[in-house]
>>> print(open('upload-v2.cif').read())   # mmCIF, C-alpha atoms
data_structure
#
loop_
_atom_site.label_atom_id
_atom_site.label_comp_id
_atom_site.auth_asym_id
_atom_site.auth_seq_id
_atom_site.Cartn_x
_atom_site.Cartn_y
_atom_site.Cartn_z
CA GLY A 707 -91.37 48.32 -364.30
CA ASP A 708 -94.71 50.05 -364.23
CA VAL A 709 -94.37 53.82 -364.27
CA HIS A 710 -96.85 55.90 -362.27
CA GLY A 711 -97.68 59.56 -362.67
CA GLY A 712 -95.42 59.83 -365.72
CA SER A 713 -92.35 60.84 -363.75
CA VAL A 714 -91.63 58.14 -361.20
CA ALA A 715 -90.69 54.50 -361.81
CA ARG A 716 -91.54 51.89 -359.17
CA ARG A 717 -89.52 48.78 -359.85
CA ARG A 718 -89.70 45.17 -358.71
CA VAL A 719 -86.25 44.39 -357.34
CA LEU A 720 -84.98 40.95 -356.37
CA VAL A 721 -82.24 41.25 -353.72
CA PRO A 722 -80.30 38.11 -352.71
CA PHE A 723 -77.91 37.91 -349.75
CA GLY A 724 -76.10 35.04 -348.07
CA THR A 725 -73.54 36.28 -345.57
CA ARG A 726 -73.46 38.58 -342.56
CA PRO A 727 -71.66 41.45 -344.36
CA GLU A 728 -74.28 41.36 -347.13
CA VAL A 729 -77.10 41.63 -344.58
CA ILE A 730 -75.35 44.50 -342.76
CA LYS A 731 -74.88 46.45 -345.98
CA LEU A 732 -78.15 45.63 -347.73
CA ALA A 733 -80.52 46.29 -344.82
CA PRO A 734 -80.49 50.11 -345.24
CA VAL A 735 -80.65 49.82 -349.04
CA VAL A 736 -83.69 47.52 -349.00
CA ASP A 737 -85.35 49.82 -346.47
CA ALA A 738 -84.68 52.87 -348.67
CA LEU A 739 -85.96 51.08 -351.78
CA ARG A 740 -89.21 50.15 -350.03
CA THR A 741 -89.60 53.66 -348.62
CA ALA A 742 -89.29 55.02 -352.18
CA GLY A 743 -92.08 52.70 -353.33
CA HIS A 744 -90.05 49.96 -355.03
CA ARG A 745 -91.24 46.40 -354.41
CA VAL A 746 -88.38 44.36 -353.03
CA THR A 747 -88.21 40.59 -352.74
CA ALA A 748 -85.39 39.81 -350.30
CA VAL A 749 -83.85 36.34 -350.66
CA ASP A 750 -81.69 34.55 -348.08
CA THR A 751 -79.46 32.28 -350.20
CA GLY A 752 -78.65 30.08 -347.20
CA GLN A 753 -74.88 30.55 -347.47
CA HIS A 754 -74.39 31.11 -343.71
CA GLN A 755 -76.23 28.62 -341.49
CA ASP A 756 -74.52 29.81 -338.29
CA ALA A 757 -77.02 31.90 -336.25
CA ALA A 758 -74.47 34.53 -335.19
CA MET A 759 -73.46 34.94 -338.82
CA SER A 760 -76.93 35.19 -340.40
CA GLY A 761 -80.28 34.83 -338.62
CA ASP A 762 -79.46 36.95 -335.57
CA VAL A 763 -78.09 39.81 -337.62
CA GLN A 764 -81.06 39.69 -340.02
CA ARG A 765 -83.42 40.21 -337.08
CA SER A 766 -81.35 42.91 -335.42
CA LEU A 767 -81.00 44.89 -338.67
CA GLY A 768 -84.59 44.38 -339.76
CA LEU A 769 -83.81 42.59 -343.02
CA GLU A 770 -86.15 39.58 -342.87
CA PRO A 771 -86.10 37.55 -346.08
CA ASP A 772 -89.26 37.04 -348.16
CA VAL A 773 -87.71 33.86 -349.55
CA ARG A 774 -85.43 31.61 -347.50
CA LEU A 775 -83.42 28.98 -349.37
CA ALA A 776 -81.75 25.86 -348.01
CA ARG A 777 -77.99 25.74 -347.77
CA PRO A 778 -76.69 25.51 -351.35
CA ASP A 779 -74.41 22.74 -352.52
CA GLY A 780 -71.47 24.82 -353.71
CA LEU A 781 -71.47 27.37 -356.51
CA GLY A 782 -73.53 25.13 -358.81
CA GLY A 783 -76.22 24.82 -356.15
CA LEU A 784 -76.31 28.61 -355.73
CA VAL A 785 -76.86 29.08 -359.47
CA THR A 786 -79.59 26.42 -359.61
CA ALA A 787 -81.42 27.98 -356.66
CA ALA A 788 -81.08 31.46 -358.17
CA LEU A 789 -82.54 30.27 -361.48
CA GLY A 790 -85.55 28.89 -359.61
CA VAL A 791 -86.22 32.06 -357.63
CA VAL A 792 -85.75 34.33 -360.66
CA ALA A 793 -88.30 32.22 -362.56
CA ALA A 794 -90.80 32.19 -359.67
CA HIS A 795 -90.58 35.89 -358.80
CA PRO A 796 -90.90 38.12 -361.90
CA SER A 797 -88.82 41.26 -361.42
CA ASP A 798 -87.50 44.27 -363.30
CA LEU A 799 -84.04 44.04 -361.77
CA VAL A 800 -81.83 41.71 -359.76
CA MET A 801 -79.47 43.57 -357.42
CA ALA A 802 -76.66 41.91 -355.50
CA LEU A 803 -73.88 43.35 -353.35
CA GLY A 804 -70.20 42.69 -353.01
CA ASP A 805 -68.12 39.70 -354.01
CA THR A 806 -69.36 36.41 -352.54
CA HIS A 807 -70.48 33.56 -354.82
CA THR A 808 -74.01 34.96 -354.49
CA VAL A 809 -73.01 37.70 -356.96
CA PRO A 810 -72.01 35.66 -360.04
CA ALA A 811 -74.73 33.06 -359.33
CA TRP A 812 -77.51 35.66 -359.36
CA ALA A 813 -75.96 37.76 -362.14
CA LEU A 814 -75.91 34.72 -364.42
CA ALA A 815 -79.41 33.64 -363.36
CA ALA A 816 -80.77 37.14 -364.05
CA ARG A 817 -79.17 37.40 -367.47
CA ASN A 818 -80.31 33.84 -368.31
CA ALA A 819 -83.88 35.05 -367.69
CA GLY A 820 -83.36 38.26 -369.67
CA ILE A 821 -83.52 40.42 -366.53
CA PRO A 822 -81.05 43.28 -365.97
CA PHE A 823 -78.52 42.96 -363.15
CA ALA A 824 -77.28 45.73 -360.85
CA HIS A 825 -74.10 45.44 -358.79
CA LEU A 826 -73.75 47.27 -355.48
CA GLU A 827 -70.22 47.90 -354.20
CA ALA A 828 -69.06 47.76 -357.82
CA GLY A 829 -65.54 48.43 -359.04
CA LEU A 830 -63.50 47.14 -356.11
CA ARG A 831 -60.28 45.55 -357.38
CA SER A 832 -57.49 43.80 -355.48
CA PHE A 833 -55.68 42.79 -358.71
CA ASN A 834 -55.07 39.39 -357.09
CA PRO A 835 -55.65 36.61 -359.66
CA ARG A 836 -55.80 34.01 -356.86
CA SER A 837 -58.75 35.73 -355.18
CA ALA A 838 -62.16 34.11 -355.72
CA GLU A 839 -63.73 37.42 -354.71
CA GLU A 840 -61.86 39.21 -357.50
CA VAL A 841 -63.26 36.74 -360.04
CA ASN A 842 -66.77 37.28 -358.64
CA ARG A 843 -66.39 41.07 -358.90
CA ARG A 844 -65.23 40.83 -362.50
CA VAL A 845 -68.14 38.54 -363.42
CA ALA A 846 -70.43 41.17 -361.89
CA ALA A 847 -68.83 43.91 -364.00
CA ALA A 848 -69.28 41.84 -367.17
CA THR A 849 -72.95 41.13 -366.51
CA ALA A 850 -74.27 44.32 -364.85
CA GLN A 851 -76.28 47.05 -366.55
CA LEU A 852 -75.91 49.27 -363.47
CA HIS A 853 -72.73 49.63 -361.43
CA PHE A 854 -73.20 51.28 -358.02
CA ALA A 855 -69.62 52.16 -357.08
CA PRO A 856 -68.77 53.14 -353.48
CA THR A 857 -65.99 55.58 -354.39
CA GLU A 858 -64.54 57.54 -357.28
CA ARG A 859 -61.51 55.21 -357.24
CA ALA A 860 -63.79 52.19 -357.77
CA ALA A 861 -65.59 54.02 -360.57
CA SER A 862 -62.27 54.76 -362.27
CA PHE A 863 -61.33 51.05 -362.24
CA LEU A 864 -64.63 50.26 -364.00
CA ARG A 865 -64.07 52.97 -366.61
CA ASP A 866 -60.55 51.64 -367.21
CA GLU A 867 -62.13 48.24 -367.95
CA GLY A 868 -64.42 49.79 -370.56
CA VAL A 869 -67.65 50.11 -368.58
CA PRO A 870 -69.58 53.05 -370.10
CA GLY A 871 -69.64 56.05 -367.77
CA GLU A 872 -73.42 56.45 -367.91
CA ARG A 873 -73.82 53.01 -366.32
CA ILE A 874 -71.63 53.91 -363.29
CA PHE A 875 -73.06 55.70 -360.25
CA VAL A 876 -70.85 56.69 -357.31
CA VAL A 877 -73.16 56.22 -354.31
CA GLY A 878 -70.89 55.44 -351.33
CA ASN A 879 -70.82 52.18 -349.40
CA PRO A 880 -74.06 51.26 -347.59
CA VAL A 881 -72.13 50.03 -344.54
CA VAL A 882 -71.85 53.72 -343.61
CA ASP A 883 -75.66 53.97 -343.76
CA THR A 884 -75.88 51.14 -341.24
CA LEU A 885 -73.36 52.77 -338.90
CA ARG A 886 -75.14 56.12 -339.13
CA ILE A 887 -78.60 54.59 -338.59
CA ARG A 888 -77.37 52.62 -335.56
CA GLY A 889 -75.92 55.76 -334.02
CA VAL A 890 -72.39 54.37 -333.81
CA SER A 891 -69.92 57.16 -333.16
CA PRO A 892 -66.14 57.42 -332.90
CA VAL A 893 -64.43 57.16 -329.50
CA PRO A 894 -61.72 59.76 -328.74
CA PRO A 895 -58.25 58.22 -329.21
CA GLU A 896 -57.28 58.83 -325.56
CA ALA A 897 -60.24 56.71 -324.43
CA ARG A 898 -59.23 53.68 -326.50
CA ARG A 899 -57.31 50.63 -325.36
CA GLY A 900 -55.68 47.64 -326.93
CA VAL A 901 -56.13 45.79 -330.19
CA LEU A 902 -59.01 44.06 -331.97
CA VAL A 903 -58.02 41.08 -334.15
CA THR A 904 -60.13 39.17 -336.67
CA ALA A 905 -59.06 36.63 -339.29
CA HIS A 906 -61.13 34.36 -341.48
CA ARG A 907 -59.68 34.45 -345.00
CA ALA A 908 -58.85 31.04 -346.43
CA SER A 909 -55.43 32.20 -347.61
CA ASN A 910 -54.52 33.03 -343.99
CA VAL A 911 -56.27 30.40 -341.88
CA ASP A 912 -56.24 27.34 -344.14
CA ALA A 913 -52.42 27.32 -344.36
CA ALA A 914 -50.79 25.93 -341.20
CA ASP A 915 -47.67 28.11 -341.53
CA ARG A 916 -49.64 31.34 -341.94
CA LEU A 917 -52.02 30.49 -339.11
CA ALA A 918 -49.01 29.83 -336.86
CA ARG A 919 -47.63 33.26 -337.80
CA LEU A 920 -51.02 34.80 -337.04
CA VAL A 921 -50.91 33.28 -333.53
CA ASP A 922 -47.40 34.72 -333.16
CA VAL A 923 -48.62 38.19 -334.23
CA VAL A 924 -51.56 38.04 -331.81
CA GLY A 925 -49.24 37.23 -328.91
CA ARG A 926 -46.89 40.11 -329.74
CA LEU A 927 -49.75 42.62 -330.08
CA ALA A 928 -50.38 42.36 -326.34
CA ALA A 929 -47.49 44.78 -325.88
CA ILE A 930 -49.82 47.52 -327.20
CA GLY A 931 -52.60 46.62 -324.76
CA PRO A 932 -55.26 43.97 -324.19
CA VAL A 933 -56.03 41.97 -327.34
CA ARG A 934 -59.56 40.84 -328.23
CA PHE A 935 -59.81 38.06 -330.80
CA PRO A 936 -63.36 37.00 -331.75
CA VAL A 937 -62.64 33.71 -333.55
CA HIS A 938 -64.53 32.97 -336.78
CA PRO A 939 -65.90 29.38 -336.96
CA ARG A 940 -63.61 28.56 -339.88
CA THR A 941 -60.57 29.89 -338.02
CA ARG A 942 -61.47 27.96 -334.85
CA ALA A 943 -61.73 24.71 -336.82
CA ARG A 944 -58.29 25.25 -338.38
CA LEU A 945 -56.68 26.19 -335.05
CA ILE A 946 -57.84 22.86 -333.66
CA GLU A 947 -56.89 20.95 -336.81
CA PHE A 948 -53.34 22.37 -336.87
CA GLY A 949 -52.82 21.96 -333.10
CA LEU A 950 -52.57 25.72 -332.48
CA ALA A 951 -55.66 26.26 -330.28
CA ASP A 952 -53.86 25.64 -326.98
CA ARG A 953 -50.94 27.89 -327.93
CA LEU A 954 -53.37 30.71 -328.73
CA ALA A 955 -55.40 30.15 -325.56
CA ALA A 956 -52.24 30.36 -323.42
CA LEU A 957 -51.11 33.77 -324.72
CA PRO A 958 -51.01 36.38 -321.94
CA GLY A 959 -53.11 39.52 -322.47
CA VAL A 960 -55.18 37.88 -325.22
CA THR A 961 -58.91 37.16 -324.92
CA CYS A 962 -60.31 34.71 -327.47
CA GLU A 963 -64.08 34.59 -327.80
CA ASP A 964 -66.91 33.52 -330.09
CA PRO A 965 -67.89 35.80 -332.98
CA LEU A 966 -69.46 38.95 -331.52
CA PRO A 967 -72.96 40.18 -332.32
CA TYR A 968 -72.60 43.03 -334.81
CA ASP A 969 -73.25 45.87 -332.36
CA ASP A 970 -70.76 44.38 -329.88
CA LEU A 971 -68.17 44.06 -332.65
CA LEU A 972 -68.64 47.74 -333.54
CA THR A 973 -68.24 48.74 -329.88
CA ALA A 974 -65.05 46.69 -329.62
CA LEU A 975 -63.78 48.26 -332.84
CA ALA A 976 -64.58 51.84 -331.76
CA HIS A 977 -62.72 51.31 -328.45
CA ALA A 978 -59.60 49.73 -330.01
CA ARG A 979 -56.42 51.71 -330.67
CA VAL A 980 -55.82 49.63 -333.77
CA VAL A 981 -57.54 46.74 -335.58
CA VAL A 982 -55.54 43.90 -337.15
CA THR A 983 -57.66 42.01 -339.67
CA ASP A 984 -58.00 40.32 -343.05
CA SER A 985 -61.64 41.42 -343.31
CA GLY A 986 -62.79 43.79 -346.03
CA GLY A 987 -65.80 45.25 -344.25
CA LEU A 988 -63.88 46.04 -341.06
CA GLN A 989 -61.57 48.28 -343.10
CA GLU A 990 -64.61 50.40 -343.99
CA GLU A 991 -66.13 50.40 -340.49
CA ALA A 992 -62.76 51.28 -338.97
CA ALA A 993 -62.39 54.22 -341.36
CA TYR A 994 -65.79 55.55 -340.26
CA LEU A 995 -64.75 55.22 -336.60
CA GLY A 996 -61.28 56.74 -337.15
CA VAL A 997 -59.49 53.53 -336.13
CA PRO A 998 -56.29 52.61 -338.02
CA VAL A 999 -56.02 49.16 -339.60
CA VAL A 1000 -53.28 46.63 -340.20
CA VAL A 1001 -54.53 44.57 -343.15
CA LEU A 1002 -53.18 41.01 -343.00
CA ARG A 1003 -53.07 40.77 -346.79
CA ARG A 1004 -50.60 41.82 -349.46
CA SER A 1005 -53.36 43.46 -351.49
CA THR A 1006 -56.81 44.87 -350.77
CA PRO A 1007 -59.76 46.00 -352.88
CA ARG A 1008 -60.10 48.98 -350.51
CA TRP A 1009 -57.28 51.29 -351.59
CA GLU A 1010 -58.68 54.49 -350.12
CA GLY A 1011 -57.41 53.60 -346.63
CA VAL A 1012 -53.99 52.67 -348.00
CA GLU A 1013 -53.82 55.98 -349.90
CA ALA A 1014 -54.70 57.91 -346.73
CA GLY A 1015 -52.19 55.97 -344.62
CA THR A 1016 -54.95 54.77 -342.28
CA ALA A 1017 -54.43 51.16 -343.43
CA ILE A 1018 -51.13 49.33 -343.85
CA LEU A 1019 -50.90 46.16 -345.95
CA THR A 1020 -48.84 43.26 -344.68
CA GLY A 1021 -49.03 39.57 -345.45
CA LEU A 1022 -48.37 36.53 -343.28
CA THR A 1023 -46.18 34.63 -345.72
CA SER A 1024 -42.81 35.08 -344.00
CA ASP A 1025 -41.29 35.95 -340.64
CA ALA A 1026 -40.30 39.33 -342.10
CA GLU A 1027 -43.96 40.04 -342.90
CA THR A 1028 -44.96 38.94 -339.40
CA ASP A 1029 -42.48 41.46 -337.98
CA ARG A 1030 -43.83 44.09 -340.35
CA ALA A 1031 -47.42 43.47 -339.17
CA VAL A 1032 -46.43 43.91 -335.52
CA ALA A 1033 -44.36 47.01 -336.31
CA ALA A 1034 -47.24 48.51 -338.32
CA ALA A 1035 -49.63 47.99 -335.39
CA HIS A 1036 -47.19 49.66 -332.98
CA PHE A 1037 -46.73 52.60 -335.38
CA LEU A 1038 -50.47 53.12 -335.97
CA ALA A 1039 -51.17 52.91 -332.22
CA THR A 1040 -48.86 55.84 -331.41
CA PRO A 1041 -50.69 58.92 -330.08
CA SER A 1042 -49.67 61.06 -333.07
CA GLU A 1043 -50.92 58.53 -335.65
CA LEU A 1044 -54.14 57.91 -333.68
CA ALA A 1045 -54.80 61.66 -333.56
CA ARG A 1046 -54.12 62.04 -337.31
CA VAL A 1047 -56.32 59.11 -338.34
CA ALA A 1048 -59.16 60.26 -336.08
CA THR A 1049 -59.45 63.57 -337.92
CA LEU A 1050 -59.72 62.14 -341.46
CA PRO A 1051 -63.11 61.90 -343.20
CA CYS A 1052 -64.40 58.43 -344.03
CA PRO A 1053 -63.55 57.83 -347.71
CA TYR A 1054 -66.21 55.13 -348.15
CA GLY A 1055 -69.38 57.21 -348.01
CA ASP A 1056 -71.60 59.62 -346.09
CA GLY A 1057 -74.36 57.26 -344.96
CA ARG A 1058 -76.85 58.16 -347.70
CA THR A 1059 -76.17 55.30 -350.13
CA GLY A 1060 -79.58 53.62 -349.80
CA SER A 1061 -81.56 56.75 -350.62
CA ARG A 1062 -79.23 57.50 -353.58
CA VAL A 1063 -79.75 54.04 -355.07
CA ALA A 1064 -83.52 54.27 -354.51
CA ALA A 1065 -83.65 57.68 -356.23
CA ILE A 1066 -81.61 56.46 -359.22
CA LEU A 1067 -83.97 53.50 -359.69
CA THR A 1068 -86.98 55.84 -359.43
CA ASP A 1069 -85.84 57.82 -362.48
CA PRO A 1070 -87.77 56.73 -365.61
CA ALA A 1071 -84.73 57.71 -367.70
CA LEU A 1072 -83.10 54.56 -366.31
CA ASP A 1073 -85.43 52.41 -368.44
CA GLU A 1074 -83.10 52.83 -371.39
CA LEU A 1075 -80.09 51.54 -369.46
CA LEU A 1076 -82.12 48.56 -368.24
CA THR A 1077 -83.30 47.56 -371.71
CA LEU A 1078 -81.56 44.46 -373.04
CA ASP A 1079 -82.02 45.02 -376.78
CA GLU A 1080 -80.55 42.97 -379.59
CA PRO A 1081 -78.18 45.07 -381.73
CA ASP A 1082 -78.95 45.54 -385.40
CA TYR A 1083 -76.10 45.63 -387.95
CA THR A 1084 -78.25 44.89 -390.99
CA ASP A 1085 -77.57 48.36 -392.37
CA GLY A 1086 -73.91 47.52 -392.95
CA THR A 1087 -72.43 49.40 -389.97
CA LEU A 1088 -69.84 47.63 -387.83
CA PRO A 1089 -69.61 47.73 -384.01
CA TRP A 1090 -66.35 49.70 -383.92
CA THR A 1091 -67.60 52.35 -386.36
CA ASN A 1092 -70.78 53.17 -384.40
CA PRO A 1093 -69.95 55.37 -381.38
CA LEU A 1094 -73.31 54.61 -379.69
CA VAL A 1095 -72.77 50.86 -379.94
CA ALA A 1096 -69.12 51.10 -378.95
CA ALA A 1097 -70.15 52.93 -375.78
CA ALA A 1098 -72.76 50.32 -374.88
#
>>> encode(input="upload-v2.cif", output="structure tokens")
Amino acid sequence: GDVHGGSVARRRVLVPFGTRPEVIKLAPVVDALRTAGHRVTAVDTGQHQDAAMSGDVQRSLGLEPDVRLARPDGLGGLVTAALGVVAAHPSDLVMALGDTHTVPAWALAARNAGIPFAHLEAGLRSFNPRSAEEVNRRVAAATAQLHFAPTERAASFLRDEGVPGERIFVVGNPVVDTLRIRGVSPVPPEARRGVLVTAHRASNVDAADRLARLVDVVGRLAAIGPVRFPVHPRTRARLIEFGLADRLAALPGVTCEDPLPYDDLLTALAHARVVVTDSGGLQEEAAYLGVPVVVLRRSTPRWEGVEAGTAILTGLTSDAETDRAVAAAHFLATPSELARVATLPCPYGDGRTGSRVAAILTDPALDELLTLDEPDYTDGTLPWTNPLVAAA
């Protein structure tokens, strides 16, 4: 990047995003980068064509893409498109967030062009070998020069994998920036009612037996209070395919609806006694709003909530797990648990992630970390005998 005034670096940053969660989390970061004088090219990878899932939220959050790509044909199409954009838009850095296929596609495209890659929301680990997201996160760790970790726990996972400490920056999760900027605030526990449910993960909704258990759980949650279930397009398609849509629609005390606009979803979340979900982002938003979570998964990359007892893991693979999910929701919805969870600080950040990232990129000292230099062993040293090389 060109350095002005000797002490401040202004960098050209290519920022791809394809899904609603990426837009929600990247909007405040892109804004902070631009405010700090970095030149950002925002790229819509076309992964979500559904208006409620992409275009609407881009407009409402003020993250309008500079480049808008057509819907990619699978992972290969994403890589091909990324290679084209990286070639057409010279940049000092490619920065992607999270764990969708956008991340490995753009990481590989950047490195193919000799451009450094930065990973936002780095270091999350579910330790689930069947998770595509886990593979994407690990590809990001292997290709990134900069790792922007949301929490100290995430940073420790990266260090355990051998990522040099000077490449890891604990900056918080930018979703908290978005919540702070939008003025979303917690609702007192006594003013909350009922349960919010969301489910979209392939492992839960693409298997007929698990989806049937999910419908069973939703029906039983009505004992806590009114249940709101905004149904993801993927989930709706499977409910119809497996002949479960009518059973769900007939459940008393349950309101099924289309996916909610982001602000409406946050309002529903803030007013719920408990949220039952397989979403990753909702675990973070719920923590900010002091709402306990039943996670419909046997593992999660967001361990901070589990450690604090504000999130309880439970799968949908057996009737026993179904019972456990319902029992966990009842437990977390008790007045004493609601009061305890409401007082805990959000472990995922303080709402200043964007400005932290922008400041780190502004530091000229970062140039060294962003340099992709060929090593030189012509003097007879070996990689494991040179502490500088071993650390890189």
>>> atom_distance(input="upload-v2.cif", atom1="CA of Ala850 (chain A)", atom2="CA of Ala813 (chain A)")
7.3 Å
>>> closest_residue(input="upload-v2.cif", among="A:Glu963, A:Arg1003, A:Leu917, A:Val997", to="Gly1015 (chain A)", atoms="only C-alpha atoms")
A:Val997
>>> closest_residue(input="upload-v2.cif", among="A:Gly900, A:Gly1057, A:Gly804, A:Gly986", to="Ser1005 (chain A)", atoms="all atoms listed in the file")
A:Gly986
>>> resolve_selection(input="upload-v2.cif", expression="the PyMOL selection byres ((chain A and resi 875-879) around 6)", output="tab-separated table (two decimals) with C-alpha atoms, keeping the file's coordinate frame")
chain	number	residue	atom	x	y	z
A	854	PHE	CA	-73.20	51.28	-358.02
A	855	ALA	CA	-69.62	52.16	-357.08
A	856	PRO	CA	-68.77	53.14	-353.48
A	857	THR	CA	-65.99	55.58	-354.39
A	874	ILE	CA	-71.63	53.91	-363.29
A	880	PRO	CA	-74.06	51.26	-347.59
A	881	VAL	CA	-72.13	50.03	-344.54
A	1054	TYR	CA	-66.21	55.13	-348.15
A	1055	GLY	CA	-69.38	57.21	-348.01
A	1059	THR	CA	-76.17	55.30	-350.13
>>> atom_distance(input="upload-v2.cif", atom1="CA of Gly752 (chain A)", atom2="CA of Arg774 (chain A)")
7.0 Å
>>> resolve_selection(input="upload-v2.cif", expression="the PyMOL selection byres ((chain A and resi 914) around 12)", output="NGL selection string")
:A and (908-913 or 915-921 or 941 or 943-951 or 1022-1023)
>>> write_last_selection(input="upload-v2.cif", atoms="C-alpha atoms", output="PDB file, keeping the file's coordinate frame")
ATOM      1  CA  ALA A 908     -58.850  31.040-346.430  1.00  0.00           C
ATOM      2  CA  SER A 909     -55.430  32.200-347.610  1.00  0.00           C
ATOM      3  CA  ASN A 910     -54.520  33.030-343.990  1.00  0.00           C
ATOM      4  CA  VAL A 911     -56.270  30.400-341.880  1.00  0.00           C
ATOM      5  CA  ASP A 912     -56.240  27.340-344.140  1.00  0.00           C
ATOM      6  CA  ALA A 913     -52.420  27.320-344.360  1.00  0.00           C
ATOM      7  CA  ASP A 915     -47.670  28.110-341.530  1.00  0.00           C
ATOM      8  CA  ARG A 916     -49.640  31.340-341.940  1.00  0.00           C
ATOM      9  CA  LEU A 917     -52.020  30.490-339.110  1.00  0.00           C
ATOM     10  CA  ALA A 918     -49.010  29.830-336.860  1.00  0.00           C
ATOM     11  CA  ARG A 919     -47.630  33.260-337.800  1.00  0.00           C
ATOM     12  CA  LEU A 920     -51.020  34.800-337.040  1.00  0.00           C
ATOM     13  CA  VAL A 921     -50.910  33.280-333.530  1.00  0.00           C
ATOM     14  CA  THR A 941     -60.570  29.890-338.020  1.00  0.00           C
ATOM     15  CA  ALA A 943     -61.730  24.710-336.820  1.00  0.00           C
ATOM     16  CA  ARG A 944     -58.290  25.250-338.380  1.00  0.00           C
ATOM     17  CA  LEU A 945     -56.680  26.190-335.050  1.00  0.00           C
ATOM     18  CA  ILE A 946     -57.840  22.860-333.660  1.00  0.00           C
ATOM     19  CA  GLU A 947     -56.890  20.950-336.810  1.00  0.00           C
ATOM     20  CA  PHE A 948     -53.340  22.370-336.870  1.00  0.00           C
ATOM     21  CA  GLY A 949     -52.820  21.960-333.100  1.00  0.00           C
ATOM     22  CA  LEU A 950     -52.570  25.720-332.480  1.00  0.00           C
ATOM     23  CA  ALA A 951     -55.660  26.260-330.280  1.00  0.00           C
ATOM     24  CA  LEU A1022     -48.370  36.530-343.280  1.00  0.00           C
ATOM     25  CA  THR A1023     -46.180  34.630-345.720  1.00  0.00           C
TER      26      THR A1023
END
>>> resolve_selection(input="upload-v2.cif", expression="the PyMOL selection byres ((chain A and resi 1028) around 12)", output="short mmCIF file (atom, residue, chain, number, x, y, z; two decimals) with C-alpha atoms, in the coordinates of the input")
data_model
loop_
_atom_site.label_atom_id
_atom_site.label_comp_id
_atom_site.auth_asym_id
_atom_site.auth_seq_id
_atom_site.Cartn_x
_atom_site.Cartn_y
_atom_site.Cartn_z
CA ASP A 915 -47.67 28.11 -341.53
CA ARG A 916 -49.64 31.34 -341.94
CA LEU A 917 -52.02 30.49 -339.11
CA ALA A 918 -49.01 29.83 -336.86
CA ARG A 919 -47.63 33.26 -337.80
CA LEU A 920 -51.02 34.80 -337.04
CA VAL A 921 -50.91 33.28 -333.53
CA ASP A 922 -47.40 34.72 -333.16
CA VAL A 923 -48.62 38.19 -334.23
CA VAL A 924 -51.56 38.04 -331.81
CA GLY A 925 -49.24 37.23 -328.91
CA ARG A 926 -46.89 40.11 -329.74
CA LEU A 927 -49.75 42.62 -330.08
CA VAL A 982 -55.54 43.90 -337.15
CA VAL A 1000 -53.28 46.63 -340.20
CA VAL A 1001 -54.53 44.57 -343.15
CA LEU A 1002 -53.18 41.01 -343.00
CA ARG A 1003 -53.07 40.77 -346.79
CA ARG A 1004 -50.60 41.82 -349.46
CA LEU A 1019 -50.90 46.16 -345.95
CA THR A 1020 -48.84 43.26 -344.68
CA GLY A 1021 -49.03 39.57 -345.45
CA LEU A 1022 -48.37 36.53 -343.28
CA THR A 1023 -46.18 34.63 -345.72
CA SER A 1024 -42.81 35.08 -344.00
CA ASP A 1025 -41.29 35.95 -340.64
CA ALA A 1026 -40.30 39.33 -342.10
CA GLU A 1027 -43.96 40.04 -342.90
CA ASP A 1029 -42.48 41.46 -337.98
CA ARG A 1030 -43.83 44.09 -340.35
CA ALA A 1031 -47.42 43.47 -339.17
CA VAL A 1032 -46.43 43.91 -335.52
CA ALA A 1033 -44.36 47.01 -336.31
CA ALA A 1034 -47.24 48.51 -338.32
CA ALA A 1035 -49.63 47.99 -335.39
#
